[in-house]
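Undergrad: Pasting a structure here, questions to come.
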Amino acid sequence: MKSLVIAEKPSVARDIARVLHCQKKLPGAMEGQQYVVTWALGHLVTLADPEEYDKKYAQWNLEALPMLPQKMQLVVIKQTAKQFKDVKTQLFRKDIGQIVIATDAGREGELVARWILEKADCRKPVKRLWISSVTDKAIREGFAHLKDGKEYNNLYAAAVARAEADWLVGINATRALTCKYNAQLSCGRVQTPTLAMIAKREEEIRKFKPEEYFGMNLQAGKVSWTWQDRKSRGTRTFQKERMEELRKKLGGQKLTILSVEKAAKKSYAPGLYDLTELQRDANKRFGYSAKETLNIMQRLYENHKVLTYPRTDSRYISSDVAETLRERLQACAVGPYRKMAGSLAMKPIRTNSSFVDNKKVSDHHAIIPTEQFVQLDHMTVDERRIYDLAVRRFLAVLYPPFEYEQTTMYGESGGETFTAKGKIVKNQGWKAAYESPVDEEDEEESDVREQTLPEMKKGSSFPIESIKLTSGKTKPPAPFNEATLLSAMENPVKYMESRDAKAIKTLGETGGLGTVATRADIIDKLFHTFLMEKRGKDIFITSKAKQLLELVPEDLKKPELTASWEMKLSGIAKGTMKKENFLRNIREYTQEIVGEIKTGDGTFRHENLTNKKCPVCGKRMLAVNGKNSKMLVCQDRECGHRETVSRITNARCPKCHKKMEMFVKGEEETFICACGYKEKLSAFKSRREKEGAGVNKKDVQRYLNKQKKEAEAPMNNAFADAFAKLNLK
């Protein structure tokens with residue numbers, strides 16, 4: 001009897017099929033002597049839409065809510081129905097004795113495969129492949145140690161509970177709001193608290209009143225000294241008079257050294273990457289959205305096989321993975337990492353609890369390089385950048401700490417204290433893994449600047465050469481960008497209204513709002529439903545979102561709700577809670593929130609109506625800002641017509657070099673820059689061709705082939721040609 005392997009995607013299926021020697025091609029599958037490998041395309045099966053349960057739900061009607069089906073039904077997704085049919089054919093082959101689930105090792109991956117088996121009504125024995133990378137070695141080891149599928153029944157139950165709960169609460173609340181206020185309004189247990197956090201930050205910025213503060217710098221003994229308050233140890237004061245009086249007092253005075261303190265200090269490398277931390281750094285460094293980073297990571301994992309599973313919330317590796325570090329170093333010892341990785345691989349590898357901890361590894365360990373040989377020239381620029389971040393972080397944790405001597409001097413003049421700081425690097429340690437200076441996580445903004453300090457002794461006095469009064473204004477909290485929003489979603493404790501210690505602990509344990517796998521999609525969805533918009537890199541909520549937060553039930557705005565859900569789902573996965581009990585509570589909660597929306601007395605008004613009428617239904621259209629575009633959208637949700645007005649492009653202005661917007665007007669698109677520069681698309685193409693940017697891949701290949709032929713041909717040049725034509729008889 002053969003085993004049927006179900007992978008999550010065709011690319012992973014191809015890799016597994018190659019390792020298992022399955023070469024015979026079948027419709028939607030590949031067959032070998034012992035195994036048949038088939039694949040899903042993400043989810044092939046999903047929960048049925050409301051109208052599948054009752055025809056009355058086809059019409060969006062407030063009176064028909066809440067919709068609470070007794071038993072949730074599964075349906076095959078139409079777009080991928082052919083693949084489901086192919087998988088089902090393989091499932092019921094008489095020579096297939098068992099099923100091997102090889103979808104992503106996590107809650108959602110389990111759901112992908114189990115729903116296929118459930119919908120097909122397949123009851124054959126199940127084994128589970130649980131691996132963190134798709135290298136040939138990992139696949140072989142995984143198949144040598146297949147787990148019993150029953151071990152993951154609780155994980156499947158948790159996945160079903162999450163899906164059904166989101167359906168019951170999300171669809172009912174969204175329909176209730178949309179019907180009540182006749183506008184396209186959606187809400188959910190993760191997206192609504194996320195909007196509420198942004199709204200709270202905007203309110204803090206709006207209410208913030210800047211205050212002017214003052215400080216003092218003086219030069220004495222070729223050192224810059226900063227004033228420090230003796231009581232608070234702060235370097236700023238709001239009393240301008242105090243600083244001005246001190247300046248008068250210090251004229252012609254000397255500064256006496258009170259103490260010179262020297263301390264040997266160490267700083268350790270930042271922890272290995274989990275997905276959220278990598279998304280944050282990629283956004284800070286390269287401006288990539290969370291979704292873009294996840295997609296790039298997925299390619300590095302699936303196609304190039306050079307990084308481990310991306311959707312992880314752990315920043316540690318297990319002790320068994322630690323035993324493979326030398327092989328991983330040898331694999332990534334190429335290009336700019338050759339010297340560093342090579343030297344680390346030659347020495348004994350020292351591990352410690354800062355990155356090796358079995359207790360802190362959940363479904364998957366941190367993102368690290370695989371044992372697969374790396375070909376950097378096969379990667380795109382974006383893939384190289386993300387790979388570079390992950391590899392350098394991996395190398396950094398294997399280096400010793402950064403060591404330096406911190407010198408802090410205190411001086412006194414006019415009864416006030418002044419301080420100066422300096423740093424002497426003793427050992428670069430982990431910082432050698434980076435080409436440019438690294439911002440350390442615990443570094444704080446300080447008015448006392450690091451400088452090179454001369455040798456000074458306690459009791460020495462130096463005349464004050466110059467005095468400078470400094471001033472500034474307190475700054476409001478910065479608006480969210482994608483990096484800081486990811487941080488807030490991961491740790492939303494400060495946005496909780498209750499200070500319940502248990503709820504705070506729960507949020508910490510469950511990883512905040514959403515999961516590492518879903519946060520990128522949630523942020524993307526909020527942009528595409530026009531609840532958030534970007535101004536530069538900063539994120540703001542729209543008028544639509546502000547009104548939604550006024551209309552939505554209070555509970556749905558709180559991070560505590562998702563914390564409570566995740567805690568219970570975790571209990572289901574561990575077998576300490578029953579799925580049925582959780583879903584019974586969810587049904588009761590759904591009735592409560594729908595009732596609250598029905599009896600609400602708020603109103604919704606479109607503040608972005610334009611005078612342009614929809615060409616389909618004739619109603620006035622709404623002006624909205626997408627993530628990278630400006631659009632006109634019909635206000636009638638049933639019509640759904642939308643038009644793109646302009647979009648931000650990667651084309652740079654020839655004058656100021658900023659990204660230009662492309663406007664769709666008249667017969668031809670036009671680029672317009674913020675500096676006022678305008679250029680039609682045809683003119684832009686013509687200019688780029690003259691500059692040499694109009695060369696395509698075929699032209700490059702043709703040129704390279706020509707060069708190759710010339711290199712292989714006998715050496716010749718213009719003089720040789722000329723001499724060949726001479727008749728020297």
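Ligands are numbered from 1 in the order shown, residues from 1 within each chain, and chains are lettered A, B, ... in the order they appear in the structure tokens.
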Determine, counting only C-alpha atoms, which protein, DNA and RNA residues have an atom within 6 Å of an atom of Leu275 of chain A; residues of the same chain fewer than 6 positions away are not included. Present the result as a ChimeraX atom specification.
TA: /A:310-312
Undergrad: Residues within 9 Å of Leu74 of chain A, please, as a PyMOL selection string. Count only C-alpha atoms; anything in the same chain fewer than 5 positions from it doesn't count.
TA: chain A and resi 45-48+115+118-119
Undergrad: Pick out the closest residue to Asn182 of chain A from this set: A:Ala220, A:Ile504, A:Met660, A:Gln635. Count only C-alpha atoms.
TA: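 Smallest separation from Asn182 of chain A among the options: A:Gln635.
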Undergrad: Extract, using only C-alpha atoms, all DNA, RNA and protein residues at most 10 Å from segment 606-617 of chain A, discarding same-chain residues fewer than 3 positions from it, and format them as a PyMOL selection string.
TA: chain A and resi 183+542-544+547+620-624+632-636+638-643
Undergrad: Near segment 80-82 of chain A, counting only C-alpha atoms, which residues have an atom at most 10 Å away, once you skip same-chain residues fewer than 4 positions from it, shown as JSON, numbers by chain?
TA: {"A": [27, 28, 40, 41, 42, 43, 44, 45, 75, 76, 86, 87, 88]}
Undergrad: Find the residues near Asn61 of chain A: any atom within 12 Å, counting only C-alpha atoms, skip ones fewer than 3 places away on the same chain, and give them as a list of chain:residue names.
TA: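 The residues satisfying every condition are A:Pro50, A:Lys55, A:Lys56, A:Tyr57, A:Ala58, A:Ala64, A:Leu65, A:Pro66, A:Met67, A:Asn172, A:Thr174, A:Arg175, A:Ala176, A:Leu177, A:Thr178, A:Cys179, A:Lys180, A:Tyr181, A:Asn182, A:Lys598.
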Undergrad: Hey, can you spit out that residue selection with C-alpha atoms as an mmCIF file, in the first residue's frame?
TA:
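Output saved as again-v1.cif:
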data_model
loop_
_atom_site.group_PDB
_atom_site.id
_atom_site.type_symbol
_atom_site.label_atom_id
_atom_site.label_comp_id
_atom_site.auth_asym_id
_atom_site.auth_seq_id
_atom_site.Cartn_x
_atom_site.Cartn_y
_atom_site.Cartn_z
ATOM 1 C CA PRO A 50 -24.675 32.500 5.120
ATOM 2 C CA LYS A 55 -31.963 31.496 1.157
ATOM 3 C CA LYS A 56 -33.246 34.381 3.312
ATOM 4 C CA TYR A 57 -29.619 35.221 4.216
ATOM 5 C CA ALA A 58 -28.877 36.071 0.564
ATOM 6 C CA ALA A 64 -32.597 38.191 9.984
ATOM 7 C CA LEU A 65 -29.644 38.639 12.389
ATOM 8 C CA PRO A 66 -27.948 36.997 14.180
ATOM 9 C CA MET A 67 -27.199 34.052 11.893
ATOM 10 C CA ASN A 172 -22.820 38.957 12.081
ATOM 11 C CA THR A 174 -20.266 43.334 9.903
ATOM 12 C CA ARG A 175 -23.757 42.653 8.456
ATOM 13 C CA ALA A 176 -25.448 44.329 11.428
ATOM 14 C CA LEU A 177 -23.345 47.513 11.098
ATOM 15 C CA THR A 178 -23.672 47.620 7.295
ATOM 16 C CA CYS A 179 -27.474 47.141 7.344
ATOM 17 C CA LYS A 180 -28.042 49.509 10.264
ATOM 18 C CA TYR A 181 -26.039 52.409 8.789
ATOM 19 C CA ASN A 182 -26.239 51.618 5.020
ATOM 20 C CA LYS A 598 -29.540 46.992 16.550
#
